[in-house]
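*Asks:* First, the structure itself, so that you have it in front of you.
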Amino acid sequence: MPELPEVEVTRRGIAPALVGQRVLSADFRVPALRYPLPHDLVTRLPGQRLASITRRGKYLLLQFDTGNLLIHLGMSGSLRLLPAGVVADKHDHVDVVFEAPLVAKNSVAKSSANVVLRLRDPRRFGAMLWLDGDLGHHLGHHALLAVLGIEPLTDEFNGAWLKRELTGLKAAIKPTLMDGHRIVGIGNIYASESLFRAGIHPRTAAGRISLKRLERLVATIKETLAAAILAGGSSLRDFIHSDGSSGYFQQQYFAYGRTGEACRVCSHPIREMRQGQRATFFCARCQR
DNA sequence: AAGGTAACCTGACTGC
DNA sequence: TGCAGTCAGGTTACCT
């Protein structure tokens with residue numbers, strides 16, 4: 001579920017209900033996800049006010065009084081807002097209870113119970129870490145954050161930047177797009193989708209793509225991510241009781257998961273191959 | 001530095 | 001119905 005658009009949709013979904021609110025309690029039900037969980041937050045977090053929720057790549061950063069909660073959803077993670085008291089399911093690993101009552105804007109039902117931010121992650125590839133002190137410092141110095149690549153939805157991410165970044169690379173463009181140390185947020189779905197829209201074959205050597213085609217690729221990456229955020233936003237606007245599933249953008253896929261189906265542009269069957277243990281989908285006629 | 005592979009983990013699905 | 005095998009939206013660690 002979570003590439004950049006899904007993480008951003010999650011951020012926008014939970015922020016209005018939580019920002020400005022104080023924590024009442026925290027509960028950890030497993031010792032670790034990808035990394036050990038910060039169990040000491042059970043005593044450290046209560047009383048702290050949530051000042052902001054920001055995103056860096058696929059990481060969510062919740063800024064509190066004395067530090068920051070870093071959350072990564074991995075392959076199967078999701079965050080939901082619930083009224084306190086709802087029994088945790090098998091893979092609901094972390095709860096953070098806020099003192100504000102849950103008010104469902106799009107729901108007739110209102111609850112007077114406190115609102116719970118609940119992290120579910122069946123595969124446990126996700127992460128939750130506590131970063132003490134200043135967030136700005138961690139963005140530049142933390143081992144997980146400092147190594148992150150450029151944000152694709154910024155003006156700095158443009159054709160000239162990408163041309164420079166890819167110069168000399170012999171690796172295929174598709175896995176290169178997914179390398180978070182170069183560009184953050186582009187996962188397996190949006191890599192295939194962006195390359196389809198740009199008309200670039202996924203196996204093209206990254207360093208041998210012209211500036212003109214890279215400018216086109218930058219544009220399709222931005223438009224694909226932006227469209228997915230909009231589509232996700234329309235279905236996940238109400239995070240209360242949401243199942244955290246991805247939004248309606250699936251209906252707009254040109255290539256991903258469409259093996260054997262007709263290309264929406266030229267009607268040739270969409271093909272599937274493996275690159276770096278991951279499935280790649282493309283149209284051999286539209287993408288050269 | 002670059003490039004490729006295995007590993008982490010559970011659940012859903014396919015085919016026999 | 002059961003069981004084995006495969007696959008899944010991510011990332012790091014560890015090879016060459």
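Chains: A, B, ... in order of the structure tokens. Residues: from 1 per chain. Ligands: from 1, in order shown.
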Using only C-alpha atoms (C1' of nucleotides), which residues sit within 12 Å of DA2 in chain B once same-chain residues fewer than 5 positions away are excluded, as a ChimeraX atom specification?
*Replies:* /A:166,168-171,176 /C:16
*Asks:* If you run DSSP on this backbone, which residues of range 133-196 of chain A come out as helix (DSSP H, G or I), and could you give them as an MDAnalysis selection string?
*Replies:* chainID A and resid 135:141 159:166 173:177 188:196
*Asks:* May I ask you to extract the residues of chain A within 8 Å of chain C, using only C-alpha atoms (C1' of nucleotides), and to give them as a list in words?
*Replies:*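 The selection requested is Met1, Pro2, Glu3, Gly74, Met75, Ser76, Phe125, Gly187, Asn188 and Ile189 of chain A.
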*Asks:* Would you mind telling me which residue in A:Leu131, A:Val115, A:Leu195, A:Ala172 lies nearest to chain B when using only C-alpha atoms (C1' of nucleotides)?
*Replies:*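 Nearest candidate to chain B out of A:Leu131, A:Val115, A:Leu195, A:Ala172: A:Ala172.
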*Asks:* Sorted by chain and rising residue number, which residues of chain A lie within 7 Å of chain B, and what are their closest atom pairs and distances in Å to one decimal, counting only C-alpha atoms (C1' of nucleotides), as a Markdown table?
*Replies:*
```
| residue | atom | partner | partner_atom | distance |
| --- | --- | --- | --- | --- |
| A:Pro122 | CA | B:DT10 | C1' | 5.8 |
| A:Arg123 | CA | B:DC9 | C1' | 4.6 |
| A:Arg124 | CA | B:DC9 | C1' | 6.2 |
```
*Asks:* Could those residues be written to a file, using N, CA, C and O atoms, as a compact mmCIF listing (two decimals), in the first residue's frame?
*Replies:*
```
# COMPACT_ATOMS: atom_id res chain seq x y z
N PRO A 122 0.83 -6.01 9.40
CA PRO A 122 0.93 -7.48 9.44
C PRO A 122 2.34 -8.01 9.18
O PRO A 122 2.78 -8.91 9.87
N ARG A 123 3.01 -7.47 8.19
CA ARG A 123 4.32 -8.04 7.86
C ARG A 123 5.44 -7.49 8.73
O ARG A 123 6.55 -8.02 8.70
N ARG A 124 5.18 -6.42 9.42
CA ARG A 124 6.16 -5.83 10.34
C ARG A 124 7.45 -5.39 9.65
O ARG A 124 8.52 -5.47 10.22
```
*Asks:* Between CA of Leu50 in chain A and CA of Phe64 in chain A, what is the distance in Å, rounded to a tenth?
*Replies:*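 CA of Phe64 in chain A lies 4.6 Å from CA of Leu50 in chain A.
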*Asks:* For CA of Asp89 in chain A and CA of Gly57 in chain A, determine how far apart the two atoms are, in Å to one decimal place.
*Replies:*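 These two atoms are separated by 28.1 Å.
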*Asks:* Between CA of Val23 in chain A and CA of Gly47 in chain A, what is the distance in Å, rounded to a tenth?
*Replies:*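 It comes out at 5.3 Å.
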*Asks:* Enumerate as a PyMOL selection string all residues of range 110-234 of chain A assigned to strand (DSSP E or B) by DSSP on the backbone, naming them with the chain letters and numbers the document uses.
*Replies:* chain A and resi 114-120+127-132+150+172+183+205
*Asks:* Atoms to include: N, CA and C atoms. Write the selected residues as a JSON list (two decimals), in the first residue's frame.
*Replies:*
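Saved as result_29.json:
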```
[["chain", "number", "residue", "atom", "x", "y", "z"],
["A", 114, "ASN", "N", -11.95, 9.33, 23.48],
["A", 114, "ASN", "CA", -10.72, 9.93, 22.98],
["A", 114, "ASN", "C", -10.31, 9.27, 21.68],
["A", 115, "VAL", "N", -9.51, 10.02, 20.89],
["A", 115, "VAL", "CA", -9.10, 9.49, 19.59],
["A", 115, "VAL", "C", -7.79, 8.72, 19.73],
["A", 116, "VAL", "N", -7.76, 7.58, 19.05],
["A", 116, "VAL", "CA", -6.57, 6.73, 19.06],
["A", 116, "VAL", "C", -5.96, 6.70, 17.66],
["A", 117, "LEU", "N", -4.66, 6.92, 17.60],
["A", 117, "LEU", "CA", -3.91, 6.69, 16.37],
["A", 117, "LEU", "C", -3.36, 5.28, 16.46],
["A", 118, "ARG", "N", -3.81, 4.41, 15.53],
["A", 118, "ARG", "CA", -3.46, 2.99, 15.63],
["A", 118, "ARG", "C", -2.63, 2.55, 14.44],
["A", 119, "LEU", "N", -1.50, 1.95, 14.72],
["A", 119, "LEU", "CA", -0.61, 1.45, 13.67],
["A", 119, "LEU", "C", -0.81, -0.05, 13.51],
["A", 120, "ARG", "N", -1.19, -0.43, 12.28],
["A", 120, "ARG", "CA", -1.32, -1.86, 11.96],
["A", 120, "ARG", "C", -0.26, -2.19, 10.92],
["A", 127, "ALA", "N", 8.37, 0.68, 10.61],
["A", 127, "ALA", "CA", 9.22, 1.13, 11.70],
["A", 127, "ALA", "C", 8.55, 2.25, 12.48],
["A", 128, "MET", "N", 8.86, 2.30, 13.77],
["A", 128, "MET", "CA", 8.50, 3.44, 14.60],
["A", 128, "MET", "C", 9.67, 3.70, 15.52],
["A", 129, "LEU", "N", 10.20, 4.91, 15.42],
["A", 129, "LEU", "CA", 11.36, 5.27, 16.23],
["A", 129, "LEU", "C", 11.10, 6.62, 16.90],
["A", 130, "TRP", "N", 11.75, 6.85, 18.03],
["A", 130, "TRP", "CA", 11.69, 8.13, 18.71],
["A", 130, "TRP", "C", 13.01, 8.86, 18.47],
["A", 131, "LEU", "N", 12.91, 10.09, 17.95],
["A", 131, "LEU", "CA", 14.10, 10.90, 17.71],
["A", 131, "LEU", "C", 14.07, 12.07, 18.68],
["A", 132, "ASP", "N", 14.93, 12.04, 19.66],
["A", 132, "ASP", "CA", 14.94, 13.05, 20.71],
["A", 132, "ASP", "C", 15.37, 14.41, 20.17],
["A", 150, "ILE", "N", 16.22, 13.17, -3.23],
["A", 150, "ILE", "CA", 15.44, 14.38, -3.47],
["A", 150, "ILE", "C", 13.94, 14.07, -3.41],
["A", 172, "ALA", "N", 19.56, -0.23, -15.04],
["A", 172, "ALA", "CA", 18.27, 0.06, -15.68],
["A", 172, "ALA", "C", 17.56, 1.19, -14.96],
["A", 183, "ILE", "N", 16.08, 9.36, -5.33],
["A", 183, "ILE", "CA", 14.77, 10.03, -5.33],
["A", 183, "ILE", "C", 13.90, 9.28, -4.32],
["A", 205, "ALA", "N", 19.25, 1.82, -19.98],
["A", 205, "ALA", "CA", 20.33, 2.24, -19.08],
["A", 205, "ALA", "C", 20.08, 3.67, -18.63]]
```
*Asks:* Need to verify the contact set: Gln48 in chain A, 10 Å, only C-alpha atoms (C1' of nucleotides), exclusion of same-chain residues closer than 4 positions in sequence. Can you return it as a ChimeraX atom specification?
*Replies:* /A:20-25,44,63-67,98
*Asks:* If you keep N, CA, C and O atoms, can you produce a file of those selected residues as a compact mmCIF listing (two decimals), in the first residue's frame?
*Replies:*
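So the final result, stored in part.txt, reads:
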```txt
# COMPACT_ATOMS: atom_id res chain seq x y z
N GLY A 20 -1.98 19.59 17.41
CA GLY A 20 -2.40 20.49 18.49
C GLY A 20 -2.89 19.75 19.73
O GLY A 20 -3.07 20.36 20.78
N GLN A 21 -3.11 18.45 19.58
CA GLN A 21 -3.65 17.67 20.70
C GLN A 21 -2.54 17.07 21.57
O GLN A 21 -1.43 16.86 21.11
N ARG A 22 -2.90 16.80 22.82
CA ARG A 22 -1.95 16.19 23.74
C ARG A 22 -2.17 14.69 23.87
O ARG A 22 -3.28 14.19 23.75
N VAL A 23 -1.08 14.00 24.14
CA VAL A 23 -1.14 12.55 24.29
C VAL A 23 -1.59 12.18 25.70
O VAL A 23 -1.14 12.76 26.68
N LEU A 24 -2.49 11.21 25.74
CA LEU A 24 -2.93 10.68 27.03
C LEU A 24 -2.13 9.44 27.40
O LEU A 24 -1.72 9.27 28.54
N SER A 25 -1.93 8.57 26.42
CA SER A 25 -1.22 7.32 26.72
C SER A 25 -0.72 6.69 25.42
O SER A 25 -1.14 7.07 24.33
N ARG A 44 7.07 8.45 28.54
CA ARG A 44 7.61 9.74 28.08
C ARG A 44 6.62 10.57 27.26
O ARG A 44 6.71 11.78 27.22
N GLN A 63 5.96 15.64 15.26
CA GLN A 63 6.79 16.47 16.11
C GLN A 63 6.08 16.75 17.44
O GLN A 63 5.02 17.36 17.47
N PHE A 64 6.70 16.30 18.54
CA PHE A 64 6.16 16.53 19.89
C PHE A 64 7.07 17.49 20.66
O PHE A 64 8.07 17.97 20.12
N ASP A 65 6.74 17.75 21.91
CA ASP A 65 7.47 18.75 22.71
C ASP A 65 8.96 18.42 22.85
O ASP A 65 9.81 19.29 22.68
N THR A 66 9.27 17.18 23.15
CA THR A 66 10.68 16.85 23.45
C THR A 66 11.35 16.02 22.36
O THR A 66 12.51 15.64 22.51
N GLY A 67 10.60 15.71 21.29
CA GLY A 67 11.20 14.89 20.25
C GLY A 67 10.20 14.53 19.18
O GLY A 67 9.11 15.13 19.11
N PHE A 98 -4.92 10.18 22.14
CA PHE A 98 -4.89 11.64 22.32
C PHE A 98 -6.09 12.06 23.13
O PHE A 98 -7.13 11.40 23.14
```
